[in-house]
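upload09.cif follows (mmCIF, C-alpha atoms):
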data_data
loop_
_atom_site.label_atom_id
_atom_site.label_comp_id
_atom_site.auth_asym_id
_atom_site.auth_seq_id
_atom_site.Cartn_x
_atom_site.Cartn_y
_atom_site.Cartn_z
CA MET P 1 -25.11 -57.77 -32.85
CA ASN P 2 -25.07 -57.08 -36.58
CA SER P 3 -28.09 -54.85 -36.84
CA HIS P 4 -28.53 -51.36 -35.54
CA VAL P 5 -31.43 -49.04 -35.15
CA GLN P 6 -31.17 -45.32 -35.55
CA MET P 7 -34.22 -43.25 -34.67
CA GLU P 8 -35.41 -39.73 -35.17
CA HIS P 9 -38.65 -38.42 -33.76
CA HIS P 10 -40.53 -35.29 -34.63
CA ARG P 11 -44.16 -34.20 -34.65
CA GLY P 12 -45.54 -37.63 -33.84
CA VAL P 13 -43.59 -39.33 -36.62
CA LEU P 14 -40.89 -41.82 -35.72
CA ILE P 15 -38.29 -42.33 -38.44
CA VAL P 16 -36.46 -45.62 -37.97
CA ARG P 17 -33.34 -46.34 -40.00
CA LEU P 18 -32.16 -49.94 -39.93
CA THR P 19 -28.58 -50.83 -40.78
CA GLY P 20 -26.71 -54.11 -40.96
CA GLU P 21 -28.51 -57.44 -40.99
CA LEU P 22 -32.03 -58.13 -39.77
CA ASP P 23 -32.26 -61.85 -39.03
CA HIS P 24 -33.76 -63.83 -36.14
CA HIS P 25 -30.83 -62.90 -33.90
CA ALA P 26 -31.13 -59.17 -34.53
CA ALA P 27 -34.94 -59.24 -34.60
CA ASP P 28 -35.28 -59.46 -30.82
CA TYR P 29 -33.13 -56.36 -30.26
CA VAL P 30 -34.76 -54.36 -33.05
CA ARG P 31 -38.23 -55.29 -31.77
CA MET P 32 -37.39 -54.19 -28.23
CA ASP P 33 -35.85 -50.90 -29.35
CA LEU P 34 -38.80 -50.04 -31.56
CA ASP P 35 -41.49 -51.01 -29.08
CA GLU P 36 -39.84 -49.01 -26.34
CA ALA P 37 -39.71 -45.94 -28.58
CA ILE P 38 -43.27 -46.41 -29.82
CA LEU P 39 -44.66 -46.80 -26.32
CA ARG P 40 -42.59 -44.19 -24.51
CA ARG P 41 -42.67 -41.37 -27.01
CA GLN P 42 -45.68 -39.76 -28.61
CA VAL P 43 -45.43 -41.83 -31.76
CA GLU P 44 -48.37 -41.77 -34.08
CA HIS P 45 -46.83 -42.72 -37.42
CA LEU P 46 -43.77 -44.71 -38.35
CA VAL P 47 -41.43 -44.40 -41.32
CA LEU P 48 -39.16 -47.40 -41.71
CA SER P 49 -36.10 -46.65 -43.81
CA LEU P 50 -34.30 -49.73 -45.14
CA LYS P 51 -31.70 -47.88 -47.19
CA ASP P 52 -28.73 -49.20 -45.22
CA LEU P 53 -30.13 -52.64 -44.44
CA GLN P 54 -27.78 -55.14 -46.05
CA PHE P 55 -29.65 -58.34 -45.34
CA MET P 56 -33.09 -59.39 -44.23
CA ASP P 57 -34.91 -62.70 -43.98
CA SER P 58 -38.40 -63.76 -42.87
CA SER P 59 -37.61 -62.82 -39.26
CA GLY P 60 -37.45 -59.22 -40.49
CA LEU P 61 -40.85 -59.61 -42.13
CA GLY P 62 -42.20 -60.70 -38.74
CA VAL P 63 -40.74 -57.62 -37.04
CA ILE P 64 -42.20 -55.28 -39.67
CA LEU P 65 -45.64 -56.88 -39.51
CA GLY P 66 -45.62 -56.79 -35.71
CA ARG P 67 -44.83 -53.03 -35.64
CA TYR P 68 -47.48 -52.42 -38.29
CA LYS P 69 -50.08 -54.06 -36.05
CA LEU P 70 -48.96 -51.96 -33.09
CA ILE P 71 -49.07 -48.65 -34.99
CA HIS P 72 -52.27 -49.58 -36.78
CA ALA P 73 -53.98 -50.46 -33.49
CA LYS P 74 -53.17 -46.96 -32.24
CA GLY P 75 -54.76 -45.48 -35.36
CA GLY P 76 -51.43 -44.53 -36.98
CA LYS P 77 -49.84 -45.23 -40.32
CA MET P 78 -46.67 -47.10 -41.10
CA VAL P 79 -44.75 -46.72 -44.35
CA ILE P 80 -41.52 -48.24 -45.66
CA CYS P 81 -38.91 -46.57 -47.82
CA ALA P 82 -35.67 -47.16 -49.70
CA ALA P 83 -35.70 -50.98 -49.74
CA ASN P 84 -32.97 -52.53 -51.89
CA PRO P 85 -34.06 -55.08 -54.55
CA PRO P 86 -33.62 -58.28 -52.48
CA VAL P 87 -35.47 -56.77 -49.51
CA LYS P 88 -38.19 -55.44 -51.80
CA ARG P 89 -38.60 -58.91 -53.26
CA LEU P 90 -39.22 -60.37 -49.80
CA LEU P 91 -41.67 -57.60 -48.95
CA GLU P 92 -43.57 -58.32 -52.16
CA MET P 93 -43.53 -62.08 -51.67
CA SER P 94 -44.98 -61.76 -48.17
CA GLY P 95 -47.81 -59.47 -49.24
CA LEU P 96 -46.70 -56.76 -46.80
CA LEU P 97 -46.71 -54.17 -49.58
CA LYS P 98 -50.46 -54.68 -49.89
CA ILE P 99 -50.93 -53.10 -46.47
CA MET P 100 -47.91 -50.79 -46.26
CA PRO P 101 -46.83 -48.41 -49.02
CA LEU P 102 -43.20 -48.43 -50.14
CA TYR P 103 -41.57 -45.14 -51.15
CA GLU P 104 -38.33 -44.37 -52.96
CA ASN P 105 -36.81 -42.42 -50.11
CA GLU P 106 -37.47 -40.81 -46.74
CA SER P 107 -38.61 -37.46 -48.04
CA ALA P 108 -41.16 -39.07 -50.36
CA ALA P 109 -42.39 -41.18 -47.45
CA LEU P 110 -42.65 -38.16 -45.16
CA SER P 111 -44.40 -35.94 -47.66
CA ASN P 112 -46.93 -38.64 -48.43
CA LEU P 113 -47.50 -39.10 -44.73
CA GLU P 114 -48.04 -35.35 -44.20
CA VAL P 115 -50.62 -35.32 -47.00
CA ALA P 116 -52.35 -38.26 -45.42
CA LEU P 117 -52.31 -36.76 -41.91
CA MET R 1 -9.67 -70.47 -64.35
CA THR R 2 -11.04 -72.33 -67.33
CA GLN R 3 -10.90 -75.88 -66.00
CA GLU R 4 -14.10 -77.67 -65.03
CA GLN R 5 -15.00 -77.39 -61.37
CA ALA R 6 -14.38 -80.68 -59.64
CA LYS R 7 -16.81 -82.02 -57.08
CA ASN R 8 -16.28 -80.42 -53.73
CA PHE R 9 -17.96 -80.62 -50.35
CA MET R 10 -17.89 -79.18 -46.86
CA SER R 11 -19.72 -79.70 -43.63
CA VAL R 12 -20.02 -77.72 -40.42
CA GLN R 13 -21.89 -78.13 -37.17
CA PHE R 14 -22.53 -75.54 -34.53
CA ALA R 15 -24.53 -74.72 -31.41
CA ALA R 16 -28.16 -73.76 -31.97
CA LEU R 17 -27.53 -70.14 -30.98
CA SER R 18 -29.10 -67.30 -32.93
CA GLU R 19 -25.76 -65.51 -33.13
CA ASN R 20 -24.55 -68.41 -35.32
CA GLU R 21 -27.11 -67.60 -38.03
CA SER R 22 -24.84 -64.98 -39.61
CA PHE R 23 -21.90 -67.39 -39.31
CA ALA R 24 -23.88 -70.03 -41.23
CA ARG R 25 -24.73 -67.57 -44.02
CA VAL R 26 -21.13 -66.46 -44.40
CA VAL R 27 -19.76 -70.03 -44.42
CA VAL R 28 -22.09 -71.16 -47.21
CA ALA R 29 -21.64 -67.95 -49.22
CA SER R 30 -17.91 -68.24 -49.01
CA PHE R 31 -17.93 -71.92 -50.00
CA VAL R 32 -20.11 -71.18 -53.02
CA SER R 33 -18.11 -68.14 -54.12
CA ARG R 34 -15.80 -70.36 -56.23
CA LEU R 35 -18.71 -70.72 -58.68
CA ASP R 36 -18.62 -66.96 -59.21
CA PRO R 37 -22.30 -66.39 -58.38
CA THR R 38 -24.02 -63.07 -58.98
CA LEU R 39 -24.85 -60.94 -55.95
CA ASP R 40 -28.49 -61.92 -56.33
CA GLU R 41 -27.66 -65.63 -56.35
CA LEU R 42 -25.45 -65.19 -53.31
CA ASN R 43 -28.19 -63.30 -51.53
CA ASP R 44 -30.70 -66.05 -52.35
CA LEU R 45 -28.40 -68.66 -50.84
CA LYS R 46 -27.71 -66.59 -47.73
CA THR R 47 -31.44 -66.06 -47.26
CA VAL R 48 -32.35 -69.75 -47.51
CA VAL R 49 -29.53 -70.73 -45.15
CA SER R 50 -30.82 -68.14 -42.71
CA GLU R 51 -34.38 -69.48 -42.98
CA ALA R 52 -33.39 -73.11 -42.56
CA VAL R 53 -30.99 -72.51 -39.66
CA THR R 54 -33.53 -70.27 -37.91
CA ASN R 55 -36.10 -73.06 -38.24
CA CYS R 56 -33.67 -75.55 -36.66
CA ILE R 57 -33.06 -73.22 -33.72
CA ILE R 58 -36.59 -71.97 -33.08
CA HIS R 59 -38.68 -74.97 -34.06
CA GLY R 60 -36.32 -77.95 -33.99
CA TYR R 61 -34.76 -77.10 -30.64
CA ASP R 62 -37.26 -74.61 -29.14
CA SER R 63 -34.31 -72.20 -28.73
CA ASP R 64 -32.37 -74.63 -26.56
CA PRO R 65 -28.70 -73.81 -27.30
CA SER R 66 -27.53 -77.31 -26.43
CA GLY R 67 -28.94 -78.45 -29.78
CA ILE R 68 -26.62 -78.80 -32.76
CA VAL R 69 -27.30 -77.54 -36.28
CA TYR R 70 -25.66 -79.43 -39.15
CA ILE R 71 -24.94 -77.97 -42.57
CA SER R 72 -23.35 -79.78 -45.45
CA ALA R 73 -22.89 -78.47 -48.94
CA THR R 74 -21.73 -80.08 -52.15
CA ILE R 75 -20.74 -78.40 -55.37
CA ASP R 76 -21.17 -80.62 -58.39
CA GLY R 77 -20.35 -78.81 -61.60
CA GLU R 78 -22.31 -75.60 -61.25
CA THR R 79 -24.94 -76.98 -58.91
CA VAL R 80 -24.96 -76.39 -55.19
CA HIS R 81 -26.60 -79.00 -52.96
CA LEU R 82 -27.33 -77.91 -49.42
CA MET R 83 -28.45 -80.01 -46.50
CA ILE R 84 -29.44 -78.32 -43.26
CA GLU R 85 -30.48 -80.54 -40.35
CA ASP R 86 -31.41 -80.64 -36.74
CA LYS R 87 -31.92 -83.58 -34.36
CA GLY R 88 -34.76 -81.79 -32.64
CA LYS R 89 -38.44 -82.39 -32.17
CA GLY R 90 -39.42 -82.78 -35.83
CA ILE R 91 -42.51 -81.60 -37.68
CA ASP R 92 -45.85 -83.39 -37.21
CA ASP R 93 -47.60 -82.03 -40.28
CA LEU R 94 -45.18 -81.24 -43.08
CA GLU R 95 -47.85 -80.05 -45.47
CA LEU R 96 -49.23 -77.55 -42.97
CA ALA R 97 -45.74 -76.34 -42.02
CA GLN R 98 -45.05 -75.48 -45.66
CA GLN R 99 -48.21 -73.40 -46.16
CA PRO R 100 -47.39 -69.73 -46.81
CA LEU R 101 -47.99 -67.59 -43.70
CA TYR R 102 -48.48 -70.62 -41.44
CA THR R 103 -46.45 -70.54 -38.26
CA SER R 104 -46.59 -72.74 -35.19
CA LYS R 105 -45.20 -69.86 -33.14
CA PRO R 106 -47.27 -66.72 -33.83
CA GLU R 107 -46.41 -65.48 -30.31
CA LEU R 108 -42.80 -65.06 -31.48
CA GLU R 109 -43.95 -62.88 -34.39
CA ARG R 110 -42.80 -65.41 -36.93
CA SER R 111 -43.97 -64.47 -40.42
CA GLY R 112 -44.61 -68.03 -41.60
CA MET R 113 -42.70 -67.32 -44.81
CA GLY R 114 -39.61 -69.48 -44.26
CA PHE R 115 -40.51 -72.47 -46.44
CA THR R 116 -42.12 -70.24 -49.08
CA ILE R 117 -38.88 -68.27 -49.37
CA MET R 118 -36.78 -71.44 -49.57
CA GLU R 119 -39.03 -72.81 -52.31
CA ASN R 120 -38.89 -69.58 -54.28
CA PHE R 121 -35.17 -68.99 -54.00
CA MET R 122 -33.96 -72.52 -54.75
CA ASP R 123 -34.48 -74.82 -57.74
CA GLU R 124 -35.49 -77.78 -55.59
CA LEU R 125 -36.51 -78.25 -51.96
CA GLU R 126 -37.16 -81.46 -50.09
CA VAL R 127 -38.08 -81.67 -46.43
CA THR R 128 -37.99 -84.85 -44.42
CA SER R 129 -38.94 -84.96 -40.78
CA GLU R 130 -39.56 -87.49 -38.11
CA PRO R 131 -41.28 -86.41 -34.89
CA GLY R 132 -38.83 -86.77 -32.02
CA ARG R 133 -35.87 -87.38 -34.37
CA GLY R 134 -35.39 -84.13 -36.25
CA THR R 135 -35.83 -82.38 -39.56
CA SER R 136 -33.67 -82.35 -42.64
CA ILE R 137 -33.92 -79.94 -45.55
CA ARG R 138 -32.24 -80.65 -48.86
CA MET R 139 -32.04 -77.91 -51.44
CA LYS R 140 -30.47 -77.51 -54.83
CA LYS R 141 -29.59 -74.50 -56.93
CA THR R 142 -27.67 -74.22 -60.16
CA ILE R 143 -25.50 -71.14 -60.33
CA VAL R 144 -25.91 -69.57 -63.75
CA SER R 145 -22.86 -67.52 -62.88
CA LYS R 146 -21.40 -64.43 -64.46
CA LYS R 147 -19.44 -66.56 -66.91
CA ALA R 148 -22.64 -67.49 -68.71
CA LEU R 149 -23.56 -63.84 -68.98
CA TYR R 150 -20.23 -62.90 -70.52
CA ASN R 151 -19.93 -65.80 -72.97
#

What would you get if you wrote out this structure as structure tokens?
Amino acid sequence: MNSHVQMEHHRGVLIVRLTGELDHHAADYVRMDLDEAILRRQVEHLVLSLKDLQFMDSSGLGVILGRYKLIHAKGGKMVICAANPPVKRLLEMSGLLKIMPLYENESAALSNLEVAL
Amino acid sequence: MTQEQAKNFMSVQFAALSENESFARVVVASFVSRLDPTLDELNDLKTVVSEAVTNCIIHGYDSDPSGIVYISATIDGETVHLMIEDKGKGIDDLELAQQPLYTSKPELERSGMGFTIMENFMDELEVTSEPGRGTSIRMKKTIVSKKALYN
């Protein structure tokens, strides 16, 4: 498995940091990890940090959109931060940035989320 | 090295297992590295290989690992030709399959962006498919290469 998920949870906000490569192979594991955390913990909002993600393809877009739908259906917000240029290009191409804001880094994402709470 | 790059080719085949997707990306990236591509160009190639191989596995073979994915690549001058094929079920409606955001497997959370990404990241893309016989994707990209930037 080339992709890993690191999570931090406080005050209803789940911060998810993805590392490695998010392709079709990794997508199933990442999806399971995230859904388990979202459903088991009191997660209202989700911050997805892509700072250490080295590679992503359209399978990653599917995972992100799927989690957005889950969070959105529960009335929460999902934001993305720290995407490198190739990942950002894919996010733009797919139109995902029209529904999810992208921030420079985690603290910008968190502070914007607090304001929006 | 100042001499002109001669024509070169390679081909690999492997089991239609998702764990081989990263293998496929690395093989193509390493073959193309002799053209001294930029990191962006290399990333583009890895992404399209990933998309095409994932399509073979998920759609061509319905995730049946007994299927075989075929990749062949040719370098001609500074142009990379890639062919990625499966002998799986084929695509009934090629035009529909290539629509952005269309996916035949929404239940698998597919984004429907595979062909759109391949089209955007490569100079040329050609898909041929025969229901029951398989699908073949041919793509072409000229590597501008760092040399051009320095000269």

request  = Mind giving me the straight-line distance from atom CA of Ala6 of chain R to atom CA of Leu45 of chain R in Å, one decimal?
outcome  =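 If I compute the distance from atom CA of Ala6 of chain R to atom CA of Leu45 of chain R, I get 20.5 Å.
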
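One finds atom CA of Ile143 of chain R at 7.0 Å from atom CA of Leu35 of chain R.
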
Residue among P:Asp23, P:Lys74, P:Leu50, P:Arg31 lying closest to Tyr103 of chain P, counting only C-alpha atoms = P:Leu50

task = To verify the selection step, state as an NGL selection string which residues the PyMOL selection byres ((chain P) within 8 of (chain R)) yields on this input.
result = :P and (1 or 23-25 or 56-59 or 61-63 or 65-66 or 86 or 90 or 94)

Since I can't run it myself right now, could you work out what the PyMOL selection byres ((chain R and resi 68) around 7) selects here and report it as a compact mmCIF listing (two decimals) with C-alpha atoms, in the coordinates of the input?
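Dumped everything to part.txt:
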# COMPACT_ATOMS: atom_id res chain seq x y z
CA GLN R 13 -21.89 -78.13 -37.17
CA PHE R 14 -22.53 -75.54 -34.53
CA ALA R 15 -24.53 -74.72 -31.41
CA ALA R 16 -28.16 -73.76 -31.97
CA SER R 66 -27.53 -77.31 -26.43
CA GLY R 67 -28.94 -78.45 -29.78
CA VAL R 69 -27.30 -77.54 -36.28
CA TYR R 70 -25.66 -79.43 -39.15
CA ASP R 86 -31.41 -80.64 -36.74

key: Nearest to His81 of chain R, chosen from R:Val127, R:Val144, R:Met122, R:Val27, with all atoms listed in the file counted in the distances   = R:Met122

task = Record the distance separating atom CA of Thr142 of chain R and atom CA of Lys7 of chain R, expressed in Å with one decimal.
result = 13.7 Å

message = Residues within 8 Å of segment 135-141 of chain R, please, as a list in words. Count only C-alpha atoms; anything in the same chain fewer than 3 positions from it doesn't count.
response = Ala52, Cys56, Gly60, Thr79, Val80, His81, Leu82, Met83, Ile84, Glu85, Asp86, Lys87, Gly88, Lys89, Gly90, Ile91, Met122, Asp123, Glu124, Leu125, Glu126, Val127, Thr128, Ser129 and Glu130 of chain R

Exercise on segment 64-72 of chain R, axis-aligned box with 8 Å per side, report centre and edge lengths in Å to one decimal, as AutoDock Vina command-line options:
--center_x -27.9 --center_y -76.8 --center_z -35.9 --size_x 25.0 --size_y 22.0 --size_z 35.0

task = Extract, using all atoms listed in the file, all DNA, RNA and protein residues at most 8 Å from Cys81 of chain P, discarding same-chain residues fewer than 3 positions from it, and format them as a list in words.
result =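 Contacts, with the query itself left out: Val47, Leu48, Ser49, Leu50, Lys51, Leu102, Tyr103, Glu104, Asn105, Glu106 and Ala109 of chain P.
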
message = I need the output of the PyMOL selection byres ((chain R and resi 10) around 6) for this file as a list of chain:residue names; which residues are they?
response =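 When the PyMOL selection byres ((chain R and resi 10) around 6) is applied to the shown file, the picked residues are R:Phe9, R:Ser11, R:Ser72, R:Ala73.
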
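Across P:His10, P:Lys88, P:His4, P:Lys98, the tightest approach to Arg41 of chain P is made by P:His10 when counting all atoms listed in the file.
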
inquiry  = Need to verify the contact set: Ile71 of chain P, 12 Å, all atoms listed in the file, exclusion of same-chain residues closer than 4 positions in sequence. Can you return it as a list in words?
reply    = Gly12, Val13, Leu14, Leu34, Asp35, Ala37, Ile38, Leu39, Gln42, Val43, Glu44, His45, Leu46, Val47, Ile64, Leu65, Gly66, Arg67, Gly75, Gly76, Lys77, Met78, Val79 and Met100 of chain P

Convert the current residue selection to file output with C-alpha atoms, as a compact mmCIF listing (two decimals), in the frame of the given file.
# COMPACT_ATOMS: atom_id res chain seq x y z
CA GLY P 12 -45.54 -37.63 -33.84
CA VAL P 13 -43.59 -39.33 -36.62
CA LEU P 14 -40.89 -41.82 -35.72
CA LEU P 34 -38.80 -50.04 -31.56
CA ASP P 35 -41.49 -51.01 -29.08
CA ALA P 37 -39.71 -45.94 -28.58
CA ILE P 38 -43.27 -46.41 -29.82
CA LEU P 39 -44.66 -46.80 -26.32
CA GLN P 42 -45.68 -39.76 -28.61
CA VAL P 43 -45.43 -41.83 -31.76
CA GLU P 44 -48.37 -41.77 -34.08
CA HIS P 45 -46.83 -42.72 -37.42
CA LEU P 46 -43.77 -44.71 -38.35
CA VAL P 47 -41.43 -44.40 -41.32
CA ILE P 64 -42.20 -55.28 -39.67
CA LEU P 65 -45.64 -56.88 -39.51
CA GLY P 66 -45.62 -56.79 -35.71
CA ARG P 67 -44.83 -53.03 -35.64
CA GLY P 75 -54.76 -45.48 -35.36
CA GLY P 76 -51.43 -44.53 -36.98
CA LYS P 77 -49.84 -45.23 -40.32
CA MET P 78 -46.67 -47.10 -41.10
CA VAL P 79 -44.75 -46.72 -44.35
CA MET P 100 -47.91 -50.79 -46.26

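Proximity to Gln54 of chain P was assessed for P:Glu21, P:Glu92, P:Glu36, P:Asp28 counting all atoms listed in the file; the smallest distance is recorded for P:Glu21.
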
ask   = Using all atoms listed in the file, which of R:Tyr102, R:Ile75, R:Gly134, R:Leu94 sits nearest Val32 of chain R?
value =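 Checking each candidate against Val32 of chain R, we get R:Ile75 as the closest.
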